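Content type PDB, C-alpha atoms, from the file final.pdb:
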ATOM      1  CA  MET A 393      -8.890   7.220  10.643
ATOM      2  CA  GLY A 394      -5.705   5.511   9.455
ATOM      3  CA  ILE A 395      -5.052   8.121   6.747
ATOM      4  CA  ASP A 396      -1.507   9.442   6.461
ATOM      5  CA  LYS A 397      -1.378  11.250   3.122
ATOM      6  CA  PRO A 398      -0.246  14.871   2.785
ATOM      7  CA  ASP A 399      -2.532  15.834  -0.102
ATOM      8  CA  VAL A 400      -6.020  15.113   1.251
ATOM      9  CA  ARG A 401      -8.220  17.903  -0.134
ATOM     10  CA  PHE A 402     -11.625  17.124   1.399
ATOM     11  CA  VAL A 403     -12.907  15.771   4.725
ATOM     12  CA  ILE A 404     -16.654  15.145   4.918
ATOM     13  CA  HIS A 405     -18.595  14.203   8.035
ATOM     14  CA  ALA A 406     -21.853  12.543   7.018
ATOM     15  CA  SER A 407     -23.217  13.036  10.550
ATOM     16  CA  LEU A 408     -22.259  14.551  13.875
ATOM     17  CA  PRO A 409     -18.741  13.581  15.063
ATOM     18  CA  LYS A 410     -18.305  12.147  18.564
ATOM     19  CA  SER A 411     -16.634  15.238  20.002
ATOM     20  CA  ILE A 412     -14.856  18.476  19.123
ATOM     21  CA  GLU A 413     -11.578  16.664  19.755
ATOM     22  CA  ALA A 414     -12.504  13.984  17.202
ATOM     23  CA  TYR A 415     -13.678  16.612  14.708
ATOM     24  CA  TYR A 416     -10.467  18.613  15.057
ATOM     25  CA  GLN A 417      -8.291  15.530  14.612
ATOM     26  CA  GLU A 418     -10.259  14.251  11.611
ATOM     27  CA  THR A 419     -10.372  17.572   9.766
ATOM     28  CA  GLY A 420      -6.662  17.947  10.482
ATOM     29  CA  ARG A 421      -5.981  15.065   8.076
ATOM     30  CA  ALA A 422      -6.549  17.469   5.178
ATOM     31  CA  GLY A 423      -4.100  19.989   3.777
ATOM     32  CA  ARG A 424      -0.960  18.707   5.460
ATOM     33  CA  ASP A 425       1.021  19.694   2.360
ATOM     34  CA  GLY A 426       0.121  23.331   2.962
ATOM     35  CA  ASP A 427      -2.293  23.634   0.032
ATOM     36  CA  PRO A 428      -5.950  24.646   0.603
ATOM     37  CA  ALA A 429      -8.347  21.946   1.824
ATOM     38  CA  MET A 430     -12.030  21.904   2.728
ATOM     39  CA  ALA A 431     -14.125  20.257   5.457
ATOM     40  CA  HIS A 432     -17.894  19.737   5.323
ATOM     41  CA  MET A 433     -20.183  18.489   8.086
ATOM     42  CA  PHE A 434     -23.784  17.364   7.603
ATOM     43  CA  TRP A 435     -25.869  17.272  10.785
ATOM     44  CA  SER A 436     -29.427  17.615  12.032
ATOM     45  CA  ALA A 437     -31.155  18.356  15.332
ATOM     46  CA  GLU A 438     -32.062  14.662  15.418
ATOM     47  CA  ASP A 439     -28.344  13.828  15.818
ATOM     48  CA  PHE A 440     -28.332  15.730  19.104
ATOM     49  CA  ALA A 441     -31.626  14.172  20.218
ATOM     50  CA  LYS A 442     -30.210  10.669  19.643
ATOM     51  CA  ALA A 443     -26.962  11.519  21.417
ATOM     52  CA  ARG A 444     -28.896  12.691  24.473
ATOM     53  CA  MET A 445     -30.980   9.518  24.393
ATOM     54  CA  TRP A 446     -27.800   7.433  24.461
ATOM     55  CA  MET A 447     -26.699   9.372  27.538
ATOM     56  CA  GLN A 448     -29.346   7.533  29.529
ATOM     57  CA  ASP A 449     -26.993   4.534  29.518
ATOM     58  CA  VAL A 450     -23.908   6.532  30.547
ATOM     59  CA  GLU A 451     -22.465   5.955  34.021
ATOM     60  CA  PRO A 452     -23.339   8.817  36.421
ATOM     61  CA  ALA A 453     -19.654   9.658  36.936
ATOM     62  CA  ARG A 454     -19.233  10.342  33.201
ATOM     63  CA  LEU A 455     -22.544  12.112  32.596
ATOM     64  CA  ALA A 456     -21.397  15.704  33.254
ATOM     65  CA  GLY A 457     -18.441  15.293  30.906
ATOM     66  CA  GLU A 458     -20.594  13.811  28.147
ATOM     67  CA  ARG A 459     -23.082  16.673  28.430
ATOM     68  CA  ALA A 460     -20.264  19.231  28.222
ATOM     69  CA  ARG A 461     -18.895  17.440  25.144
ATOM     70  CA  LEU A 462     -22.266  17.557  23.398
ATOM     71  CA  ASN A 463     -22.889  21.197  24.351
ATOM     72  CA  ALA A 464     -19.500  22.123  22.885
ATOM     73  CA  LEU A 465     -20.462  20.455  19.608
ATOM     74  CA  GLY A 466     -23.784  22.295  19.650
ATOM     75  CA  ALA A 467     -21.993  25.622  20.050
ATOM     76  CA  LEU A 468     -19.729  24.798  17.100
ATOM     77  CA  VAL A 469     -22.459  23.883  14.618
ATOM     78  CA  GLU A 470     -24.990  26.514  15.702
ATOM     79  CA  THR A 471     -22.726  29.563  15.866
ATOM     80  CA  GLY A 472     -23.023  32.471  13.482
ATOM     81  CA  GLY A 473     -19.487  33.547  14.402
ATOM     82  CA  CYS A 474     -16.032  32.197  13.634
ATOM     83  CA  ARG A 475     -15.899  28.411  13.920
ATOM     84  CA  ARG A 476     -12.111  28.285  14.167
ATOM     85  CA  ALA A 477     -12.232  30.658  17.133
ATOM     86  CA  ILE A 478     -14.633  28.298  18.914
ATOM     87  CA  LEU A 479     -12.364  25.344  18.185
ATOM     88  CA  LEU A 480      -9.216  27.064  19.452
ATOM     89  CA  ARG A 481     -10.908  28.468  22.563
ATOM     90  CA  HIS A 482     -12.068  24.930  23.353
ATOM     91  CA  PHE A 483      -8.396  23.913  23.507
ATOM     92  CA  GLY A 484      -7.469  26.817  25.770
ATOM     93  CA  GLU A 485      -6.084  29.192  23.158
ATOM     94  CA  ALA A 486      -6.951  32.890  22.682
ATOM     95  CA  PRO A 487      -7.548  33.277  18.924
ATOM     96  CA  PRO A 488      -8.589  36.426  17.014
ATOM     97  CA  VAL A 489     -12.330  37.041  16.765
ATOM     98  CA  THR A 490     -12.316  36.004  13.092
ATOM     99  CA  CYS A 491     -10.090  33.667  11.081
ATOM    100  CA  GLY A 492     -11.132  34.873   7.616
ATOM    101  CA  ASN A 493     -11.307  31.308   6.344
ATOM    102  CA  CYS A 494     -14.307  29.421   7.788
ATOM    103  CA  ASP A 495     -17.739  29.558   6.159
ATOM    104  CA  ASN A 496     -19.092  32.143   8.617
ATOM    105  CA  CYS A 497     -16.083  34.438   8.218
ATOM    106  CA  LEU A 498     -16.174  34.203   4.432
ATOM    107  CA  GLU A 499     -19.909  34.910   4.289
ATOM    108  CA  ALA A 500     -21.538  35.955   7.539
ATOM    109  CA  PRO A 501     -24.949  34.280   7.922
ATOM    110  CA  ALA A 502     -28.057  36.303   8.627
ATOM    111  CA  ALA A 503     -29.360  35.798  12.158
ATOM    112  CA  THR A 504     -32.483  36.853  13.973
ATOM    113  CA  ASN A 505     -33.489  36.928  17.632
ATOM    114  CA  VAL A 506     -36.267  34.352  18.114
ATOM    115  CA  THR A 507     -36.388  34.348  21.911
ATOM    116  CA  GLU A 508     -40.033  35.436  22.003
ATOM    117  CA  ILE A 509     -41.315  32.788  19.596
ATOM    118  CA  ALA A 510     -39.133  30.201  21.379
ATOM    119  CA  ARG A 511     -40.841  31.073  24.671
ATOM    120  CA  LYS A 512     -44.247  30.845  23.032
ATOM    121  CA  PHE A 513     -43.372  27.446  21.569
ATOM    122  CA  LEU A 514     -42.091  26.095  24.898
ATOM    123  CA  SER A 515     -45.234  27.407  26.616
ATOM    124  CA  ALA A 516     -47.357  25.567  24.049
ATOM    125  CA  VAL A 517     -45.406  22.353  24.692
ATOM    126  CA  TYR A 518     -46.099  22.696  28.420
ATOM    127  CA  ARG A 519     -49.744  23.878  28.222
ATOM    128  CA  THR A 520     -50.760  21.052  25.856
ATOM    129  CA  GLY A 521     -49.379  18.400  28.194
ATOM    130  CA  GLN A 522     -45.955  17.682  26.639
ATOM    131  CA  SER A 523     -47.294  14.956  24.357
ATOM    132  CA  PHE A 524     -47.917  16.507  20.917
ATOM    133  CA  GLY A 525     -45.778  16.978  17.827
ATOM    134  CA  VAL A 526     -44.691  20.133  16.044
ATOM    135  CA  GLY A 527     -47.631  20.114  13.615
ATOM    136  CA  HIS A 528     -50.249  20.254  16.371
ATOM    137  CA  LEU A 529     -48.304  22.842  18.371
ATOM    138  CA  GLU A 530     -48.055  24.997  15.267
ATOM    139  CA  THR A 531     -51.817  24.715  14.752
ATOM    140  CA  VAL A 532     -52.458  25.805  18.345
ATOM    141  CA  LEU A 533     -50.005  28.718  18.231
ATOM    142  CA  MET A 534     -51.503  29.972  14.954
ATOM    143  CA  GLY A 535     -55.015  29.839  16.392
ATOM    144  CA  ARG A 536     -56.386  27.311  13.928
ATOM    145  CA  THR A 537     -59.163  24.951  14.893
ATOM    146  CA  ASP A 538     -59.275  21.332  13.767
ATOM    147  CA  GLU A 539     -60.700  18.082  15.113
ATOM    148  CA  LYS A 540     -57.794  17.438  17.469
ATOM    149  CA  VAL A 541     -57.685  20.999  18.808
ATOM    150  CA  SER A 542     -61.397  20.810  19.591
ATOM    151  CA  LYS A 543     -61.140  17.306  21.059
ATOM    152  CA  PHE A 544     -58.521  18.346  23.617
ATOM    153  CA  ALA A 545     -60.003  21.852  24.130
ATOM    154  CA  HIS A 546     -56.677  23.401  23.155
ATOM    155  CA  ASP A 547     -58.542  26.358  21.697
ATOM    156  CA  GLN A 548     -59.268  27.300  25.326
ATOM    157  CA  LEU A 549     -55.587  27.547  26.267
ATOM    158  CA  SER A 550     -53.781  30.848  26.793
ATOM    159  CA  VAL A 551     -51.295  29.904  24.046
ATOM    160  CA  PHE A 552     -53.988  29.463  21.401
ATOM    161  CA  GLY A 553     -53.400  31.969  18.608
ATOM    162  CA  ILE A 554     -50.513  33.842  20.300
ATOM    163  CA  ALA A 555     -48.152  33.520  17.289
ATOM    164  CA  ASN A 556     -48.555  36.203  14.637
ATOM    165  CA  ALA A 557     -48.225  35.771  10.873
ATOM    166  CA  ASP A 558     -44.555  36.833  10.849
ATOM    167  CA  GLU A 559     -43.719  34.201  13.469
ATOM    168  CA  ALA A 560     -45.516  31.390  11.638
ATOM    169  CA  ARG A 561     -42.647  30.615   9.253
ATOM    170  CA  LEU A 562     -40.210  30.433  12.185
ATOM    171  CA  ILE A 563     -42.083  27.891  14.306
ATOM    172  CA  ARG A 564     -40.540  24.758  12.785
ATOM    173  CA  PRO A 565     -36.963  26.142  12.500
ATOM    174  CA  VAL A 566     -37.246  27.296  16.120
ATOM    175  CA  ALA A 567     -38.448  23.817  17.120
ATOM    176  CA  ARG A 568     -35.344  22.300  15.480
ATOM    177  CA  SER A 569     -33.095  24.828  17.249
ATOM    178  CA  LEU A 570     -34.714  24.117  20.627
ATOM    179  CA  MET A 571     -34.203  20.386  20.087
ATOM    180  CA  LEU A 572     -30.525  21.005  19.368
ATOM    181  CA  ARG A 573     -30.222  23.067  22.569
ATOM    182  CA  ASP A 574     -31.953  20.303  24.590
ATOM    183  CA  ALA A 575     -34.763  22.701  25.454
ATOM    184  CA  VAL A 576     -37.220  20.184  23.971
ATOM    185  CA  ARG A 577     -36.970  16.423  23.648
ATOM    186  CA  THR A 578     -39.055  13.789  21.893
ATOM    187  CA  ASN A 579     -40.935  11.321  24.068
ATOM    188  CA  ASP A 580     -41.518   7.625  23.327
ATOM    189  CA  HIS A 581     -44.586   8.465  21.219
ATOM    190  CA  GLY A 582     -42.951  11.140  19.042
ATOM    191  CA  GLY A 583     -44.450  14.080  20.948
ATOM    192  CA  LEU A 584     -42.373  16.916  22.381
ATOM    193  CA  MET A 585     -41.618  17.524  26.046
ATOM    194  CA  LEU A 586     -39.543  20.153  27.833
ATOM    195  CA  GLY A 587     -35.821  19.533  28.204
ATOM    196  CA  PRO A 588     -33.475  20.801  30.943
ATOM    197  CA  GLU A 589     -32.541  23.957  28.987
ATOM    198  CA  ALA A 590     -36.164  25.121  28.650
ATOM    199  CA  ARG A 591     -36.381  26.773  32.081
ATOM    200  CA  ALA A 592     -33.705  29.414  31.418
ATOM    201  CA  ILE A 593     -35.359  30.384  28.117
ATOM    202  CA  LEU A 594     -38.840  30.592  29.647
ATOM    203  CA  LYS A 595     -37.551  32.739  32.534
ATOM    204  CA  GLY A 596     -35.812  35.139  30.140
ATOM    205  CA  GLU A 597     -32.320  34.211  31.352
ATOM    206  CA  THR A 598     -31.178  32.917  27.939
ATOM    207  CA  ASN A 599     -31.765  34.396  24.497
ATOM    208  CA  VAL A 600     -32.316  32.297  21.389
ATOM    209  CA  SER A 601     -31.011  33.372  17.993
ATOM    210  CA  LEU A 602     -31.616  31.567  14.738
ATOM    211  CA  ILE A 603     -29.229  31.420  11.805
ATOM    212  CA  LEU A 604     -31.312  32.027   8.711
ATOM    213  CA  PRO A 605     -30.550  29.756   5.737
ATOM    214  CA  PRO A 606     -29.394  31.530   2.566
ATOM    215  CA  VAL A 607     -32.187  32.437   0.175
ATOM    216  CA  LYS A 608     -32.062  30.160  -2.842
ATOM    217  CA  ALA A 609     -31.991  31.854  -6.212
ATOM    218  CA  ARG A 610     -35.322  31.456  -7.961
ATOM    219  CA  SER A 611     -35.359  30.280 -11.528
ATOM    220  CA  LYS A 612     -37.207  32.127 -14.277
ATOM    221  CA  ARG A 613     -39.751  29.309 -14.327
ATOM    222  CA  THR A 614     -40.484  29.928 -10.658
ATOM    223  CA  GLU A 615     -40.795  33.663 -11.175
ATOM    224  CA  ARG A 616     -43.462  32.998 -13.792
ATOM    225  CA  GLY A 617     -45.374  30.952 -11.211
ATOM    226  CA  GLN A 618     -44.411  27.532 -12.513
ATOM    227  CA  ALA A 619     -43.088  24.672 -10.420
ATOM    228  CA  THR A 620     -39.525  24.769  -9.184
ATOM    229  CA  PRO A 621     -37.483  22.039 -10.902
ATOM    230  CA  GLY A 622     -36.774  19.071  -8.654
ATOM    231  CA  GLY A 623     -33.988  16.550  -8.466
ATOM    232  CA  PRO A 624     -34.083  12.748  -8.575
ATOM    233  CA  LEU A 625     -35.244  12.448  -4.948
ATOM    234  CA  PHE A 626     -38.071  14.932  -5.535
ATOM    235  CA  ASP A 627     -39.148  12.871  -8.580
ATOM    236  CA  ALA A 628     -39.047   9.665  -6.507
ATOM    237  CA  LEU A 629     -41.174  11.282  -3.787
ATOM    238  CA  LYS A 630     -43.674  12.444  -6.416
ATOM    239  CA  ALA A 631     -43.869   8.894  -7.781
ATOM    240  CA  LYS A 632     -44.647   7.553  -4.297
ATOM    241  CA  ARG A 633     -47.294  10.278  -3.841
ATOM    242  CA  ARG A 634     -48.851   9.300  -7.184
ATOM    243  CA  GLU A 635     -48.947   5.660  -6.110
ATOM    244  CA  LEU A 636     -50.580   6.434  -2.745
ATOM    245  CA  ALA A 637     -53.078   8.821  -4.333
ATOM    246  CA  ALA A 638     -54.134   6.200  -6.902
ATOM    247  CA  ALA A 639     -54.561   3.582  -4.156
ATOM    248  CA  SER A 640     -56.736   5.964  -2.116
ATOM    249  CA  GLY A 641     -58.640   7.399  -5.083
ATOM    250  CA  VAL A 642     -57.715  11.007  -4.271
ATOM    251  CA  PRO A 643     -55.771  13.738  -6.120
ATOM    252  CA  PRO A 644     -52.007  13.731  -5.358
ATOM    253  CA  TYR A 645     -52.102  17.144  -3.639
ATOM    254  CA  VAL A 646     -54.385  15.652  -0.957
ATOM    255  CA  ILE A 647     -51.441  13.465   0.119
ATOM    256  CA  PHE A 648     -48.833  16.284   0.116
ATOM    257  CA  HIS A 649     -48.315  19.510  -1.823
ATOM    258  CA  ASP A 650     -45.245  19.877  -4.048
ATOM    259  CA  SER A 651     -43.775  22.385  -1.572
ATOM    260  CA  THR A 652     -43.879  19.722   1.167
ATOM    261  CA  LEU A 653     -42.099  17.210  -1.067
ATOM    262  CA  ARG A 654     -39.433  19.795  -1.918
ATOM    263  CA  ASP A 655     -38.871  20.523   1.759
ATOM    264  CA  MET A 656     -38.693  16.784   2.381
ATOM    265  CA  ALA A 657     -36.118  16.366  -0.396
ATOM    266  CA  ASP A 658     -34.037  19.227   1.055
ATOM    267  CA  ILE A 659     -34.134  18.049   4.686
ATOM    268  CA  ARG A 660     -33.972  14.295   3.902
ATOM    269  CA  PRO A 661     -35.417  13.221   7.281
ATOM    270  CA  LYS A 662     -34.008  10.025   8.789
ATOM    271  CA  SER A 663     -36.833   9.297  11.236
ATOM    272  CA  LEU A 664     -40.481  10.103  11.928
ATOM    273  CA  SER A 665     -39.456  12.787  14.442
ATOM    274  CA  ASP A 666     -37.345  14.396  11.692
ATOM    275  CA  MET A 667     -40.257  14.059   9.269
ATOM    276  CA  ALA A 668     -42.530  15.910  11.702
ATOM    277  CA  LEU A 669     -40.385  19.021  11.215
ATOM    278  CA  VAL A 670     -41.096  19.165   7.464
ATOM    279  CA  ASN A 671     -43.459  21.970   6.461
ATOM    280  CA  GLY A 672     -46.947  20.707   5.698
ATOM    281  CA  ILE A 673     -46.819  17.467   7.716
ATOM    282  CA  GLY A 674     -49.175  17.210  10.663
ATOM    283  CA  ARG A 675     -49.573  14.306  13.057
ATOM    284  CA  ARG A 676     -52.281  12.517  11.055
ATOM    285  CA  LYS A 677     -50.363  12.629   7.783
ATOM    286  CA  LEU A 678     -47.179  11.676   9.604
ATOM    287  CA  GLU A 679     -48.868   8.558  10.966
ATOM    288  CA  THR A 680     -50.525   7.735   7.630
ATOM    289  CA  TYR A 681     -47.752   8.430   5.127
ATOM    290  CA  GLY A 682     -44.553   9.012   7.116
ATOM    291  CA  GLU A 683     -43.063   5.526   6.841
ATOM    292  CA  ALA A 684     -43.844   5.272   3.108
ATOM    293  CA  PHE A 685     -41.930   8.443   2.263
ATOM    294  CA  LEU A 686     -39.113   7.632   4.698
ATOM    295  CA  SER A 687     -38.565   4.373   2.804
ATOM    296  CA  VAL A 688     -38.186   6.326  -0.467
ATOM    297  CA  ILE A 689     -35.566   8.607   1.099
ATOM    298  CA  LYS A 690     -33.692   5.660   2.616
ATOM    299  CA  GLU A 691     -33.613   3.846  -0.735
ATOM    300  CA  PHE A 692     -32.379   7.008  -2.429
ATOM    301  CA  GLN A 693     -29.603   7.448   0.152
ATOM    302  CA  LYS A 694     -28.669   3.790  -0.186
ATOM    303  CA  GLY A 695     -28.334   4.255  -3.942
ATOM    304  CA  LEU A 696     -26.002   7.217  -3.431
ATOM    305  CA  SER A 697     -23.771   5.194  -1.129
ATOM    306  CA  HIS A 698     -23.375   2.535  -3.841
ATOM    307  CA  VAL A 699     -22.229   4.904  -6.591
ATOM    308  CA  PRO A 700     -18.828   3.582  -7.751
ATOM    309  CA  HIS A 701     -15.769   5.807  -7.295
ATOM    310  CA  ILE A 702     -13.721   6.526 -10.423
ATOM    311  CA  ASP A 703     -10.154   7.883 -10.108
TER     312      ASP A 703
END

Now, as a test, write the supplied structure out as structure tokens.
Amino acid sequence: MGIDKPDVRFVIHASLPKSIEAYYQETGRAGRDGDPAMAHMFWSAEDFAKARMWMQDVEPARLAGERARLNALGALVETGGCRRAILLRHFGEAPPVTCGNCDNCLEAPAATNVTEIARKFLSAVYRTGQSFGVGHLETVLMGRTDEKVSKFAHDQLSVFGIANADEARLIRPVARSLMLRDAVRTNDHGGLMLGPEARAILKGETNVSLILPPVKARSKRTERGQATPGGPLFDALKAKRRELAAASGVPPYVIFHDSTLRDMADIRPKSLSDMALVNGIGRRKLETYGEAFLSVIKEFQKGLSHVPHID
């Protein structure tokens, strides 16, 4: 990184680092003067999907090592336990179970066992032919009938309607987790297919747990049933929805509901496969509106990167 200052207070990774070794070295640039420092990493399941795609060009002799490197990163970002312990064990040390200083030690995240819904989701991927996106798989698992389900006779499959109401809200987070684990991969057309880690989950040899995101505090306006306030990106997405609705002569909610735009603003998808994981976006709407809303997010991110720094 070329940084040799003792008083660096923050290290931020805007995406997945290349390896645990690189992450450890880069975060180690902070706090060399002994005062507290903080490291943040922003990542998505799509980062892991892209990294595995790049592995197709790796020489066979290096492939096992590259897979181990990526799996180690996956364990670091997905854990609900002590992150420092994972880092130190990776380098052959025997650290305490907790460090008392990483985010998970300071505030333990809630976790839930989602092995059963993961197996149902993987079964749906397989039974539908490994060529459909999350939206369609969710529709099948929830037992809903639409034009596509009827066209492909997916309402006749054994996986049709096997997810209960409590599992419904977990389908998309589980899909993201399975992508991170390489249990599912995206094909050339944006559909999902089974990855090499799917077999162990389907056979019951591996459990799947999901770290639940913290519940956001609801404002008084929300408690009274009014809309949750949005930020600049949410406003930009609403403006694009208004524009598309006017061009099509339909009400804005026909394009996307506010809740979908909020989820979009929170996740900030970088690609159509990311966008497919946003609540409320099925395959048809992804194909029709996906690129338009991606362009809004990209412009917003570009604007953030051009904000001048003031000392």

Go through A:Pro488, A:Gly587, A:Gly582, A:Gly672 one by one, measure the shortest atom-to-atom distance of each to Thr652 (chain A) using only C-alpha atoms, and give the residue with the smallest value. A:Gly672

Within 12 Å of Ala592 (chain A) using only C-alpha atoms, minus same-chain residues under 4 positions, as a PDB file with C-alpha atoms, in the coordinates of the input:
ATOM      1  CA  THR A 507     -36.388  34.348  21.911  1.00  0.00           C
ATOM      2  CA  ALA A 510     -39.133  30.201  21.379  1.00  0.00           C
ATOM      3  CA  ARG A 511     -40.841  31.073  24.671  1.00  0.00           C
ATOM      4  CA  LEU A 514     -42.091  26.095  24.898  1.00  0.00           C
ATOM      5  CA  ARG A 573     -30.222  23.067  22.569  1.00  0.00           C
ATOM      6  CA  ASP A 574     -31.953  20.303  24.590  1.00  0.00           C
ATOM      7  CA  ALA A 575     -34.763  22.701  25.454  1.00  0.00           C
ATOM      8  CA  LEU A 586     -39.543  20.153  27.833  1.00  0.00           C
ATOM      9  CA  GLY A 587     -35.821  19.533  28.204  1.00  0.00           C
ATOM     10  CA  PRO A 588     -33.475  20.801  30.943  1.00  0.00           C
ATOM     11  CA  GLY A 596     -35.812  35.139  30.140  1.00  0.00           C
ATOM     12  CA  GLU A 597     -32.320  34.211  31.352  1.00  0.00           C
ATOM     13  CA  THR A 598     -31.178  32.917  27.939  1.00  0.00           C
ATOM     14  CA  ASN A 599     -31.765  34.396  24.497  1.00  0.00           C
ATOM     15  CA  VAL A 600     -32.316  32.297  21.389  1.00  0.00           C
TER      16      VAL A 600
END

Between CA of Trp435 (chain A) and CA of Pro409 (chain A), measure the distance and give it in Å to one decimal.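 Going from CA of Trp435 (chain A) over to CA of Pro409 (chain A), I get 9.1 Å.
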
What does the PyMOL selection byres ((chain A and resi 551-563) around 6) select in this file, as a ChimeraX atom specification? /A:516,532-535,547,549-550,564-566

Quote the spacing between CA of Leu602 (chain A) and CA of Ile673 (chain A) in Å to one decimal place. 21.9 Å

Could you jot down the CA of Val688 (chain A) to CA of Pro661 (chain A) separation for me, Å, one decimal place?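 Spanning CA of Val688 (chain A) to CA of Pro661 (chain A) is a straight-line distance of 10.7 Å.
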
Let me know the centre plus edge lengths, in Å and rounded to one decimal, of a box with edges along x, y and z that contains all listed atoms of region 553-569 of chain A and is padded by 3 Å on every side, as JSON.
{"center_x": -43.2, "center_y": 29.6, "center_z": 14.8, "size_x": 26.3, "size_y": 20.5, "size_z": 17.0}

Need to verify the contact set: region 621-632 of chain A, 9 Å, all atoms listed in the file, exclusion of same-chain residues closer than 6 positions in sequence. Can you return it as a ChimeraX atom specification? /A:611,613-614,644,650,653-654,656-658,684-685,688-689,692

Counting only C-alpha atoms, which of A:Arg424, A:His649, A:Lys442, A:Lys694 gets nearest to Ser663 (chain A)?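 Nearest to Ser663 (chain A): A:Lys442.
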
Taking the file as shown, find all residues satisfying the PyMOL selection byres ((chain A and resi 527) around 8) and write them as number ranges by chain. A: 525-526, 528-531, 668-669, 672-675

Within 9 Å of (-15.7, 35.6, 18.1), only C-alpha atoms: residues as a ChimeraX atom specification? /A:473-475,477-478,487-490

For a quick check of understanding, using only C-alpha atoms, which of A:Thr578, A:Ser687, A:Asp655, A:Ala545 has the smallest distance to Met445 (chain A)?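 Nearest candidate to Met445 (chain A) out of A:Thr578, A:Ser687, A:Asp655, A:Ala545: A:Thr578.
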
Ranking A:Tyr681, A:Asp666, A:Arg454, A:Lys512 by minimum distance to Val646 (chain A) and counting only C-alpha atoms, which one comes first? A:Tyr681
